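Engineer: Before we start, here is the structure in question, set down as structure tokens.
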Amino acid sequence: MSTERPESLERDIRGLDRLELPMEGAEARGRRMWRSVWPKLVATGLALATWQVVVWTGWKPPFVLPPPGRVLNELAELVGTARFWSAVATTLRRAAVGYAAAVVLGSALGLAVTQISTLRRAMGSLITGLQSMPSIVWFPFAILLFGISEAAIFFVVVLGAAPSIANGLISGVDHIPPLLLRAGRVLGARGWVSWFHVVLPASLPSFLAGLKQGWAFAWRSLMAGELLVIIAARPSLGAQLQFARELSDAPALVAMMIVVLVIGIGVDAFVFGSLERRLRRNRGLIAT
Amino acid sequence: MTAPRSHTVKAAPLSTRTAVEINDVSKTYGDGRSAIAALENVNLSIQEGEFVCLVGASGCGKSTLLNLIAGIYRLDQGAIAVSESVGLMFQEPALFPWLTVEGNVESAMRFRRVAIDRQRIQELLKMVHLEEFAQRRPHELSGGMQQRAALARALAQDAAILLMDEPFGALDAMTRTILHDELERIWQATGVTVIFVTHDVREAVRLGDRVILLSSRPGRVVDEVTVDLPRPRQVESVHLVEVAKRITDRLRQQVRRHVD
């Protein structure tokens, strides 16, 4: 095979390629980080300031609405205890196991619905219905079925998260540009090859959105579950929250809420946020 | 090309030099009163290694014919015999946005479940002049570069017949001219048979050994012009424009027919 070409054509092509490529100036890593961090710091500062101002107005007595300083002190103390870390570990383990089960079940369900049209007609609206059902509604039934046990919590976490995950996959498959499917077919992709190499990657953005929403629902369901299903001698974040309420320990209660919020934000930002950013960058979905 | 071609004989064995034989092919969309005849009694024979351009106004069934040859559409009537495997390229690059340029070329091998030939991928990337951009994503490339990547991917199918459905239609004139040179060079280097659909008559005359004129609704072969201008041709050359003018006049006659 000869790959020779006239010199002039070679230069034309190279020149045109240079001109057509977008100009990019890479921003320094440190500056980029700072640009994304400072608005968050300012927002946090403003929230704390507002909180402090409300406390100063004397709207509620400080043993009901403690000032931010006391809560942060409490939080610092809490972080030093083994009991706290054991609670965090229990809750995170439950979140991981429950969410993993929801991912497996939700993906399987979504896959089945996209493949079998009868199943879709039968289950399509049911999945959406389940998705909009507040997970707390499931708890009485779950406790009846499984008693006060982790199984009851898992049951509700899975029911809370799986529909979103299934729906994400279904809508991803529904919105694949037909041209890509055609391209796949022309290139010889059939059956599972087509599924694995075309359909799945093409539906990934929507599937990821479903996974992210599923995580939010799982985390919510888990917190609701831990408030209701308290297992003796096994501290969890929800149980700690409940104890703080029973003891009217407002600083500990608010400190726990902050922990729940921080974990929720952390998983969203570091797991889903970075996955999403990578996906969008790879596919050119980030406006510059 | 050094890589072996897969010889899949889809129909009765053809005479040694025929790549595609189209025999009395008709295709109708819809049925009853609303039926539209896209193609009617089309006969066409294309030789191995030939560069054939199909031109016609809108609704002449050019794309339908390509899809029939590629085996994507079902045939209503007639027969199409294809001597070897067929690759297809669209007007849009249709690259997979989650893969790099190299990954896209590789997909042509992966999807058919044949062994991935790294060396050949590099050769193809070099051939379309994208070796520097192998690790880029499609969105980072210009339209012309994307279309060249799609060409490399189509060639990676190891098809001896390349069907091209207005592949340069969406590109600017400058890029298109350069890609004409590129495609011609690659065609000459590989000996692949090209069936190229366009509605740009000059493009057809620039590239084709033969230009097939199709009428519209129903699509029928109304004429064919053998272009015997020496290669490489220039779109701006007087001789080329002359040939193109003759073909355009002929096509306009066909379009005018539809007023009555």
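Each chain of the structure tokens is named A, B, ... in the order shown, its residues numbered from 1; ligands are numbered from 1 in display order.
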Please identify all polymer residues within 12 Å of Ile116 of chain B, counting only C-alpha atoms, omitting same-chain residues fewer than 5 positions from it, and present them as a PDB file with N, CA and C atoms, in the first residue's frame.
Structural biologist:
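Once written, part_16.pdb looks like this:
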```
ATOM      1  N   GLU B 102      -8.813   6.736  17.240  1.00  0.00           N
ATOM      2  CA  GLU B 102      -8.275   5.390  17.072  1.00  0.00           C
ATOM      3  C   GLU B 102      -9.315   4.335  17.458  1.00  0.00           C
ATOM      4  N   GLY B 103     -10.008   4.590  18.568  1.00  0.00           N
ATOM      5  CA  GLY B 103     -11.046   3.660  19.029  1.00  0.00           C
ATOM      6  C   GLY B 103     -12.148   3.496  18.003  1.00  0.00           C
ATOM      7  N   VAL B 105     -11.816   3.796  14.716  1.00  0.00           N
ATOM      8  CA  VAL B 105     -11.311   2.967  13.615  1.00  0.00           C
ATOM      9  C   VAL B 105     -11.284   1.505  14.068  1.00  0.00           C
ATOM     10  N   GLU B 106     -10.863   1.314  15.307  1.00  0.00           N
ATOM     11  CA  GLU B 106     -10.777  -0.023  15.885  1.00  0.00           C
ATOM     12  C   GLU B 106     -12.162  -0.688  15.944  1.00  0.00           C
ATOM     13  N   SER B 107     -13.193   0.139  16.164  1.00  0.00           N
ATOM     14  CA  SER B 107     -14.537  -0.433  16.324  1.00  0.00           C
ATOM     15  C   SER B 107     -14.952  -1.243  15.097  1.00  0.00           C
ATOM     16  N   ALA B 108     -14.458  -0.839  13.917  1.00  0.00           N
ATOM     17  CA  ALA B 108     -14.816  -1.570  12.702  1.00  0.00           C
ATOM     18  C   ALA B 108     -14.324  -3.016  12.764  1.00  0.00           C
ATOM     19  N   MET B 109     -13.250  -3.247  13.511  1.00  0.00           N
ATOM     20  CA  MET B 109     -12.743  -4.620  13.683  1.00  0.00           C
ATOM     21  C   MET B 109     -13.432  -5.288  14.870  1.00  0.00           C
ATOM     22  N   ARG B 110     -13.528  -4.532  15.961  1.00  0.00           N
ATOM     23  CA  ARG B 110     -14.099  -5.085  17.185  1.00  0.00           C
ATOM     24  C   ARG B 110     -15.548  -5.547  16.970  1.00  0.00           C
ATOM     25  N   PHE B 111     -16.320  -4.730  16.272  1.00  0.00           N
ATOM     26  CA  PHE B 111     -17.744  -5.045  16.093  1.00  0.00           C
ATOM     27  C   PHE B 111     -17.950  -6.302  15.266  1.00  0.00           C
ATOM     28  N   ILE B 121      -4.465  -0.255  11.866  1.00  0.00           N
ATOM     29  CA  ILE B 121      -5.143   0.959  12.339  1.00  0.00           C
ATOM     30  C   ILE B 121      -4.225   2.159  12.159  1.00  0.00           C
ATOM     31  N   GLN B 122      -2.944   1.962  12.514  1.00  0.00           N
ATOM     32  CA  GLN B 122      -1.993   3.054  12.345  1.00  0.00           C
ATOM     33  C   GLN B 122      -1.844   3.437  10.877  1.00  0.00           C
ATOM     34  N   ALA B 156     -11.456   0.391   7.497  1.00  0.00           N
ATOM     35  CA  ALA B 156     -11.048  -0.651   8.447  1.00  0.00           C
ATOM     36  C   ALA B 156     -11.996  -1.846   8.426  1.00  0.00           C
ATOM     37  N   GLN B 157     -13.132  -1.685   7.777  1.00  0.00           N
ATOM     38  CA  GLN B 157     -14.045  -2.822   7.644  1.00  0.00           C
ATOM     39  C   GLN B 157     -13.515  -3.832   6.652  1.00  0.00           C
TER      40      GLN B 157
END
```
Engineer: Within 12 Å of segment 87-91 of chain A, counting only C-alpha atoms, which residues qualify if same-chain residues fewer than 2 places away don't, as an MDAnalysis selection string?
Structural biologist: chainID A and resid 78:79 81:85 93:99 150 153:154 218:227 230:231 233:241 256 259:260 262:264
Engineer: Near chain B, meaning an atom within 9 Å, which residues of chain A appear when counting only C-alpha atoms? Write them as a PyMOL selection string.
Structural biologist: chain A and resi 1-5+9-10+12-14+16-17+20-22+179-180+182-190+193-194+197-198+201-202+279+282-285
Engineer: Expressed in Å to a single decimal, how great is the separation between atom CA of Ser117 of chain A and atom CA of Gln213 of chain A?
Structural biologist: 24.9 Å
Engineer: Write out as a PDB file with N, CA and C atoms, in the first residue's frame the set of residues from segment 83-251 of chain B that DSSP, computed on the backbone, places in helix (DSSP H, G or I).
Structural biologist:
```
ATOM      1  N   VAL B 101     -10.416   8.769  18.237  1.00  0.00           N
ATOM      2  CA  VAL B 101     -10.354   8.551  16.791  1.00  0.00           C
ATOM      3  C   VAL B 101      -9.859   7.119  16.521  1.00  0.00           C
ATOM      4  N   GLU B 102      -8.813   6.736  17.240  1.00  0.00           N
ATOM      5  CA  GLU B 102      -8.275   5.390  17.072  1.00  0.00           C
ATOM      6  C   GLU B 102      -9.315   4.335  17.458  1.00  0.00           C
ATOM      7  N   GLY B 103     -10.008   4.590  18.568  1.00  0.00           N
ATOM      8  CA  GLY B 103     -11.046   3.660  19.029  1.00  0.00           C
ATOM      9  C   GLY B 103     -12.148   3.496  18.003  1.00  0.00           C
ATOM     10  N   ASN B 104     -12.475   4.584  17.325  1.00  0.00           N
ATOM     11  CA  ASN B 104     -13.504   4.516  16.298  1.00  0.00           C
ATOM     12  C   ASN B 104     -13.067   3.632  15.135  1.00  0.00           C
ATOM     13  N   VAL B 105     -11.816   3.796  14.716  1.00  0.00           N
ATOM     14  CA  VAL B 105     -11.311   2.967  13.615  1.00  0.00           C
ATOM     15  C   VAL B 105     -11.284   1.505  14.068  1.00  0.00           C
ATOM     16  N   GLU B 106     -10.863   1.314  15.307  1.00  0.00           N
ATOM     17  CA  GLU B 106     -10.777  -0.023  15.885  1.00  0.00           C
ATOM     18  C   GLU B 106     -12.162  -0.688  15.944  1.00  0.00           C
ATOM     19  N   SER B 107     -13.193   0.139  16.164  1.00  0.00           N
ATOM     20  CA  SER B 107     -14.537  -0.433  16.324  1.00  0.00           C
ATOM     21  C   SER B 107     -14.952  -1.243  15.097  1.00  0.00           C
ATOM     22  N   ALA B 108     -14.458  -0.839  13.917  1.00  0.00           N
ATOM     23  CA  ALA B 108     -14.816  -1.570  12.702  1.00  0.00           C
ATOM     24  C   ALA B 108     -14.324  -3.016  12.764  1.00  0.00           C
ATOM     25  N   MET B 109     -13.250  -3.247  13.511  1.00  0.00           N
ATOM     26  CA  MET B 109     -12.743  -4.620  13.683  1.00  0.00           C
ATOM     27  C   MET B 109     -13.432  -5.288  14.870  1.00  0.00           C
ATOM     28  N   ARG B 110     -13.528  -4.532  15.961  1.00  0.00           N
ATOM     29  CA  ARG B 110     -14.099  -5.085  17.185  1.00  0.00           C
ATOM     30  C   ARG B 110     -15.548  -5.547  16.970  1.00  0.00           C
ATOM     31  N   ARG B 118      -3.471  -3.653  15.165  1.00  0.00           N
ATOM     32  CA  ARG B 118      -2.971  -2.316  15.542  1.00  0.00           C
ATOM     33  C   ARG B 118      -2.212  -1.649  14.403  1.00  0.00           C
ATOM     34  N   GLN B 119      -1.407  -2.453  13.734  1.00  0.00           N
ATOM     35  CA  GLN B 119      -0.564  -1.885  12.694  1.00  0.00           C
ATOM     36  C   GLN B 119      -1.410  -1.317  11.573  1.00  0.00           C
ATOM     37  N   ARG B 120      -2.457  -2.039  11.249  1.00  0.00           N
ATOM     38  CA  ARG B 120      -3.339  -1.602  10.178  1.00  0.00           C
ATOM     39  C   ARG B 120      -4.091  -0.329  10.590  1.00  0.00           C
ATOM     40  N   ILE B 121      -4.465  -0.255  11.866  1.00  0.00           N
ATOM     41  CA  ILE B 121      -5.143   0.959  12.339  1.00  0.00           C
ATOM     42  C   ILE B 121      -4.225   2.159  12.159  1.00  0.00           C
ATOM     43  N   GLN B 122      -2.944   1.962  12.514  1.00  0.00           N
ATOM     44  CA  GLN B 122      -1.993   3.054  12.345  1.00  0.00           C
ATOM     45  C   GLN B 122      -1.844   3.437  10.877  1.00  0.00           C
ATOM     46  N   GLU B 123      -1.787   2.425  10.022  1.00  0.00           N
ATOM     47  CA  GLU B 123      -1.680   2.675   8.580  1.00  0.00           C
ATOM     48  C   GLU B 123      -2.849   3.506   8.078  1.00  0.00           C
ATOM     49  N   LEU B 124      -4.041   3.109   8.524  1.00  0.00           N
ATOM     50  CA  LEU B 124      -5.242   3.808   8.062  1.00  0.00           C
ATOM     51  C   LEU B 124      -5.276   5.247   8.568  1.00  0.00           C
ATOM     52  N   LEU B 125      -4.874   5.430   9.824  1.00  0.00           N
ATOM     53  CA  LEU B 125      -4.858   6.783  10.379  1.00  0.00           C
ATOM     54  C   LEU B 125      -3.872   7.652   9.620  1.00  0.00           C
ATOM     55  N   LYS B 126      -2.756   7.048   9.252  1.00  0.00           N
ATOM     56  CA  LYS B 126      -1.758   7.770   8.491  1.00  0.00           C
ATOM     57  C   LYS B 126      -2.305   8.119   7.112  1.00  0.00           C
ATOM     58  N   MET B 127      -3.031   7.177   6.559  1.00  0.00           N
ATOM     59  CA  MET B 127      -3.574   7.357   5.219  1.00  0.00           C
ATOM     60  C   MET B 127      -4.523   8.553   5.166  1.00  0.00           C
ATOM     61  N   GLU B 131      -2.819  10.622  12.091  1.00  0.00           N
ATOM     62  CA  GLU B 131      -2.023   9.882  13.061  1.00  0.00           C
ATOM     63  C   GLU B 131      -1.701  10.708  14.301  1.00  0.00           C
ATOM     64  N   GLU B 132      -1.601  12.033  14.123  1.00  0.00           N
ATOM     65  CA  GLU B 132      -1.326  12.885  15.290  1.00  0.00           C
ATOM     66  C   GLU B 132      -2.536  13.000  16.205  1.00  0.00           C
ATOM     67  N   PHE B 133      -3.696  12.699  15.633  1.00  0.00           N
ATOM     68  CA  PHE B 133      -4.933  12.943  16.382  1.00  0.00           C
ATOM     69  C   PHE B 133      -5.578  11.652  16.850  1.00  0.00           C
ATOM     70  N   PRO B 138     -13.750  12.709  18.937  1.00  0.00           N
ATOM     71  CA  PRO B 138     -14.349  13.277  17.723  1.00  0.00           C
ATOM     72  C   PRO B 138     -14.699  14.763  17.855  1.00  0.00           C
ATOM     73  N   HIS B 139     -15.243  15.174  19.005  1.00  0.00           N
ATOM     74  CA  HIS B 139     -15.689  16.559  19.122  1.00  0.00           C
ATOM     75  C   HIS B 139     -14.538  17.549  19.058  1.00  0.00           C
ATOM     76  N   GLU B 140     -13.314  17.062  19.227  1.00  0.00           N
ATOM     77  CA  GLU B 140     -12.168  17.965  19.171  1.00  0.00           C
ATOM     78  C   GLU B 140     -11.718  18.222  17.737  1.00  0.00           C
ATOM     79  N   GLY B 143     -15.079  19.322  11.114  1.00  0.00           N
ATOM     80  CA  GLY B 143     -15.968  18.467  10.324  1.00  0.00           C
ATOM     81  C   GLY B 143     -15.217  17.633   9.296  1.00  0.00           C
ATOM     82  N   GLY B 144     -14.255  18.252   8.633  1.00  0.00           N
ATOM     83  CA  GLY B 144     -13.496  17.532   7.615  1.00  0.00           C
ATOM     84  C   GLY B 144     -12.643  16.429   8.221  1.00  0.00           C
ATOM     85  N   MET B 145     -12.070  16.717   9.387  1.00  0.00           N
ATOM     86  CA  MET B 145     -11.258  15.698  10.058  1.00  0.00           C
ATOM     87  C   MET B 145     -12.127  14.543  10.539  1.00  0.00           C
ATOM     88  N   GLN B 146     -13.313  14.876  11.027  1.00  0.00           N
ATOM     89  CA  GLN B 146     -14.234  13.826  11.459  1.00  0.00           C
ATOM     90  C   GLN B 146     -14.610  12.925  10.289  1.00  0.00           C
ATOM     91  N   GLN B 147     -14.830  13.564   9.144  1.00  0.00           N
ATOM     92  CA  GLN B 147     -15.223  12.766   7.991  1.00  0.00           C
ATOM     93  C   GLN B 147     -14.052  11.889   7.527  1.00  0.00           C
ATOM     94  N   ARG B 148     -12.824  12.381   7.676  1.00  0.00           N
ATOM     95  CA  ARG B 148     -11.669  11.546   7.339  1.00  0.00           C
ATOM     96  C   ARG B 148     -11.546  10.380   8.308  1.00  0.00           C
ATOM     97  N   ALA B 149     -11.843  10.648   9.583  1.00  0.00           N
ATOM     98  CA  ALA B 149     -11.830   9.552  10.567  1.00  0.00           C
ATOM     99  C   ALA B 149     -12.883   8.511  10.194  1.00  0.00           C
ATOM    100  N   ALA B 150     -14.054   8.991   9.752  1.00  0.00           N
ATOM    101  CA  ALA B 150     -15.107   8.062   9.342  1.00  0.00           C
ATOM    102  C   ALA B 150     -14.664   7.247   8.130  1.00  0.00           C
ATOM    103  N   LEU B 151     -13.903   7.907   7.244  1.00  0.00           N
ATOM    104  CA  LEU B 151     -13.384   7.192   6.068  1.00  0.00           C
ATOM    105  C   LEU B 151     -12.413   6.091   6.503  1.00  0.00           C
ATOM    106  N   ALA B 152     -11.537   6.422   7.456  1.00  0.00           N
ATOM    107  CA  ALA B 152     -10.601   5.412   7.962  1.00  0.00           C
ATOM    108  C   ALA B 152     -11.359   4.250   8.594  1.00  0.00           C
ATOM    109  N   ARG B 153     -12.427   4.588   9.315  1.00  0.00           N
ATOM    110  CA  ARG B 153     -13.225   3.545   9.955  1.00  0.00           C
ATOM    111  C   ARG B 153     -13.903   2.668   8.910  1.00  0.00           C
ATOM    112  N   ALA B 154     -14.420   3.309   7.851  1.00  0.00           N
ATOM    113  CA  ALA B 154     -15.067   2.534   6.787  1.00  0.00           C
ATOM    114  C   ALA B 154     -14.050   1.614   6.111  1.00  0.00           C
ATOM    115  N   LEU B 155     -12.828   2.127   5.909  1.00  0.00           N
ATOM    116  CA  LEU B 155     -11.799   1.304   5.263  1.00  0.00           C
ATOM    117  C   LEU B 155     -11.363   0.156   6.171  1.00  0.00           C
ATOM    118  N   ALA B 173     -16.397  24.418   1.080  1.00  0.00           N
ATOM    119  CA  ALA B 173     -15.879  24.144  -0.263  1.00  0.00           C
ATOM    120  C   ALA B 173     -14.389  23.813  -0.256  1.00  0.00           C
ATOM    121  N   MET B 174     -13.627  24.543   0.546  1.00  0.00           N
ATOM    122  CA  MET B 174     -12.182  24.345   0.614  1.00  0.00           C
ATOM    123  C   MET B 174     -11.854  22.936   1.102  1.00  0.00           C
ATOM    124  N   THR B 175     -12.464  22.567   2.214  1.00  0.00           N
ATOM    125  CA  THR B 175     -12.240  21.245   2.777  1.00  0.00           C
ATOM    126  C   THR B 175     -12.665  20.161   1.789  1.00  0.00           C
ATOM    127  N   ARG B 176     -13.777  20.405   1.126  1.00  0.00           N
ATOM    128  CA  ARG B 176     -14.288  19.414   0.188  1.00  0.00           C
ATOM    129  C   ARG B 176     -13.288  19.183  -0.943  1.00  0.00           C
ATOM    130  N   THR B 177     -12.744  20.252  -1.473  1.00  0.00           N
ATOM    131  CA  THR B 177     -11.768  20.124  -2.566  1.00  0.00           C
ATOM    132  C   THR B 177     -10.588  19.274  -2.120  1.00  0.00           C
ATOM    133  N   ILE B 178     -10.112  19.530  -0.917  1.00  0.00           N
ATOM    134  CA  ILE B 178      -8.966  18.775  -0.409  1.00  0.00           C
ATOM    135  C   ILE B 178      -9.333  17.311  -0.200  1.00  0.00           C
ATOM    136  N   LEU B 179     -10.543  17.085   0.296  1.00  0.00           N
ATOM    137  CA  LEU B 179     -10.960  15.698   0.516  1.00  0.00           C
ATOM    138  C   LEU B 179     -11.175  14.949  -0.797  1.00  0.00           C
ATOM    139  N   HIS B 180     -11.537  15.680  -1.848  1.00  0.00           N
ATOM    140  CA  HIS B 180     -11.605  15.035  -3.168  1.00  0.00           C
ATOM    141  C   HIS B 180     -10.240  14.478  -3.533  1.00  0.00           C
ATOM    142  N   ASP B 181      -9.217  15.303  -3.348  1.00  0.00           N
ATOM    143  CA  ASP B 181      -7.855  14.846  -3.650  1.00  0.00           C
ATOM    144  C   ASP B 181      -7.494  13.634  -2.790  1.00  0.00           C
ATOM    145  N   GLU B 182      -7.854  13.730  -1.505  1.00  0.00           N
ATOM    146  CA  GLU B 182      -7.552  12.651  -0.563  1.00  0.00           C
ATOM    147  C   GLU B 182      -8.219  11.340  -0.981  1.00  0.00           C
ATOM    148  N   LEU B 183      -9.518  11.454  -1.234  1.00  0.00           N
ATOM    149  CA  LEU B 183     -10.281  10.253  -1.568  1.00  0.00           C
ATOM    150  C   LEU B 183      -9.752   9.618  -2.847  1.00  0.00           C
ATOM    151  N   GLU B 184      -9.452  10.462  -3.820  1.00  0.00           N
ATOM    152  CA  GLU B 184      -8.932   9.945  -5.087  1.00  0.00           C
ATOM    153  C   GLU B 184      -7.616   9.194  -4.864  1.00  0.00           C
ATOM    154  N   ARG B 185      -6.763   9.784  -4.060  1.00  0.00           N
ATOM    155  CA  ARG B 185      -5.472   9.166  -3.772  1.00  0.00           C
ATOM    156  C   ARG B 185      -5.665   7.814  -3.071  1.00  0.00           C
ATOM    157  N   ILE B 186      -6.553   7.794  -2.086  1.00  0.00           N
ATOM    158  CA  ILE B 186      -6.784   6.562  -1.333  1.00  0.00           C
ATOM    159  C   ILE B 186      -7.412   5.495  -2.220  1.00  0.00           C
ATOM    160  N   TRP B 187      -8.341   5.936  -3.059  1.00  0.00           N
ATOM    161  CA  TRP B 187      -8.984   5.001  -3.981  1.00  0.00           C
ATOM    162  C   TRP B 187      -7.945   4.379  -4.903  1.00  0.00           C
ATOM    163  N   GLN B 188      -7.027   5.229  -5.399  1.00  0.00           N
ATOM    164  CA  GLN B 188      -6.001   4.703  -6.307  1.00  0.00           C
ATOM    165  C   GLN B 188      -5.031   3.790  -5.564  1.00  0.00           C
ATOM    166  N   ALA B 189      -4.740   4.127  -4.324  1.00  0.00           N
ATOM    167  CA  ALA B 189      -3.773   3.331  -3.558  1.00  0.00           C
ATOM    168  C   ALA B 189      -4.347   1.983  -3.140  1.00  0.00           C
ATOM    169  N   THR B 190      -5.658   1.928  -2.884  1.00  0.00           N
ATOM    170  CA  THR B 190      -6.232   0.710  -2.327  1.00  0.00           C
ATOM    171  C   THR B 190      -6.943  -0.157  -3.349  1.00  0.00           C
ATOM    172  N   VAL B 201     -23.089  18.010  -9.073  1.00  0.00           N
ATOM    173  CA  VAL B 201     -22.672  17.428 -10.356  1.00  0.00           C
ATOM    174  C   VAL B 201     -21.167  17.573 -10.572  1.00  0.00           C
ATOM    175  N   ARG B 202     -20.633  18.730 -10.180  1.00  0.00           N
ATOM    176  CA  ARG B 202     -19.187  18.928 -10.385  1.00  0.00           C
ATOM    177  C   ARG B 202     -18.366  17.960  -9.539  1.00  0.00           C
ATOM    178  N   GLU B 203     -18.861  17.715  -8.343  1.00  0.00           N
ATOM    179  CA  GLU B 203     -18.182  16.743  -7.481  1.00  0.00           C
ATOM    180  C   GLU B 203     -18.175  15.374  -8.161  1.00  0.00           C
ATOM    181  N   ALA B 204     -19.304  15.024  -8.750  1.00  0.00           N
ATOM    182  CA  ALA B 204     -19.410  13.730  -9.433  1.00  0.00           C
ATOM    183  C   ALA B 204     -18.419  13.647 -10.587  1.00  0.00           C
ATOM    184  N   VAL B 205     -18.315  14.738 -11.371  1.00  0.00           N
ATOM    185  CA  VAL B 205     -17.408  14.736 -12.523  1.00  0.00           C
ATOM    186  C   VAL B 205     -15.951  14.767 -12.050  1.00  0.00           C
ATOM    187  N   ARG B 206     -15.713  15.451 -10.933  1.00  0.00           N
ATOM    188  CA  ARG B 206     -14.363  15.513 -10.374  1.00  0.00           C
ATOM    189  C   ARG B 206     -13.866  14.123  -9.999  1.00  0.00           C
ATOM    190  N   LEU B 207     -14.757  13.294  -9.471  1.00  0.00           N
ATOM    191  CA  LEU B 207     -14.322  12.036  -8.883  1.00  0.00           C
ATOM    192  C   LEU B 207     -14.570  10.802  -9.756  1.00  0.00           C
ATOM    193  N   VAL B 238     -11.860  23.987 -17.118  1.00  0.00           N
ATOM    194  CA  VAL B 238     -12.872  24.288 -18.136  1.00  0.00           C
ATOM    195  C   VAL B 238     -13.529  23.010 -18.642  1.00  0.00           C
ATOM    196  N   HIS B 239     -12.700  21.976 -18.872  1.00  0.00           N
ATOM    197  CA  HIS B 239     -13.249  20.728 -19.415  1.00  0.00           C
ATOM    198  C   HIS B 239     -14.236  20.104 -18.451  1.00  0.00           C
ATOM    199  N   LEU B 240     -13.857  20.118 -17.178  1.00  0.00           N
ATOM    200  CA  LEU B 240     -14.725  19.517 -16.164  1.00  0.00           C
ATOM    201  C   LEU B 240     -16.053  20.264 -16.090  1.00  0.00           C
ATOM    202  N   VAL B 241     -15.959  21.584 -16.107  1.00  0.00           N
ATOM    203  CA  VAL B 241     -17.180  22.389 -16.016  1.00  0.00           C
ATOM    204  C   VAL B 241     -18.083  22.119 -17.208  1.00  0.00           C
ATOM    205  N   GLU B 242     -17.459  21.915 -18.361  1.00  0.00           N
ATOM    206  CA  GLU B 242     -18.239  21.636 -19.574  1.00  0.00           C
ATOM    207  C   GLU B 242     -19.046  20.345 -19.432  1.00  0.00           C
ATOM    208  N   VAL B 243     -18.355  19.308 -18.987  1.00  0.00           N
ATOM    209  CA  VAL B 243     -19.035  18.019 -18.795  1.00  0.00           C
ATOM    210  C   VAL B 243     -20.153  18.178 -17.763  1.00  0.00           C
ATOM    211  N   ALA B 244     -19.822  18.883 -16.679  1.00  0.00           N
ATOM    212  CA  ALA B 244     -20.798  19.074 -15.616  1.00  0.00           C
ATOM    213  C   ALA B 244     -22.030  19.807 -16.127  1.00  0.00           C
ATOM    214  N   LYS B 245     -21.788  20.774 -17.011  1.00  0.00           N
ATOM    215  CA  LYS B 245     -22.907  21.561 -17.545  1.00  0.00           C
ATOM    216  C   LYS B 245     -23.847  20.672 -18.350  1.00  0.00           C
ATOM    217  N   ARG B 246     -23.267  19.802 -19.165  1.00  0.00           N
ATOM    218  CA  ARG B 246     -24.104  18.884 -19.958  1.00  0.00           C
ATOM    219  C   ARG B 246     -24.987  18.039 -19.043  1.00  0.00           C
ATOM    220  N   ILE B 247     -24.368  17.527 -17.969  1.00  0.00           N
ATOM    221  CA  ILE B 247     -25.121  16.661 -17.053  1.00  0.00           C
ATOM    222  C   ILE B 247     -26.211  17.454 -16.333  1.00  0.00           C
ATOM    223  N   THR B 248     -25.853  18.662 -15.905  1.00  0.00           N
ATOM    224  CA  THR B 248     -26.829  19.490 -15.198  1.00  0.00           C
ATOM    225  C   THR B 248     -28.039  19.783 -16.095  1.00  0.00           C
ATOM    226  N   ASP B 249     -27.767  20.105 -17.365  1.00  0.00           N
ATOM    227  CA  ASP B 249     -28.871  20.370 -18.299  1.00  0.00           C
ATOM    228  C   ASP B 249     -29.800  19.171 -18.396  1.00  0.00           C
ATOM    229  N   ARG B 250     -29.183  18.028 -18.476  1.00  0.00           N
ATOM    230  CA  ARG B 250     -29.949  16.782 -18.598  1.00  0.00           C
ATOM    231  C   ARG B 250     -30.813  16.572 -17.337  1.00  0.00           C
ATOM    232  N   LEU B 251     -30.230  16.841 -16.176  1.00  0.00           N
ATOM    233  CA  LEU B 251     -30.973  16.666 -14.920  1.00  0.00           C
ATOM    234  C   LEU B 251     -32.134  17.648 -14.828  1.00  0.00           C
TER     235      LEU B 251
END
```
Engineer: As an exercise, work out the distance from atom CA of Gly61 of chain B to atom CA of Gly49 of chain B in Å and give it to one decimal place.
Structural biologist: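 Between atom CA of Gly61 of chain B and atom CA of Gly49 of chain B the gap works out to 23.6 Å.
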Engineer: Determine, counting only C-alpha atoms, which protein, DNA and RNA residues have an atom within 8 Å of an atom of Leu66 of chain B; residues of the same chain fewer than 2 positions away are not included. Present the result as a list in words.
Structural biologist: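 Answer for this query is Lys62, Ser63, Thr64, Leu68, Ile69, Ala70, Leu163, Met164 and Asp165 of chain B.
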Engineer: Looking at only C-alpha atoms, which of B:Cys53, B:Gly32, B:Ile161, B:Asn41 is the one that sits closest to Val227 of chain B?
Structural biologist: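 Of B:Cys53, B:Gly32, B:Ile161, B:Asn41, the one nearest Val227 of chain B is B:Cys53, counting only C-alpha atoms.
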Engineer: What's the separation between atom CA of Phe168 of chain B and atom CA of Ala134 of chain B, in Å to one decimal place?
Structural biologist: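 Computing it gives 21.3 Å between the two atoms.
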Engineer: Looking only at strand (DSSP E or B) from DSSP on the backbone, list the matching residues of segment 30-213 of chain B as a ChimeraX atom specification.
Structural biologist: /B:36-47,51-55,77-82,86-89,161-165,193-198,210-213
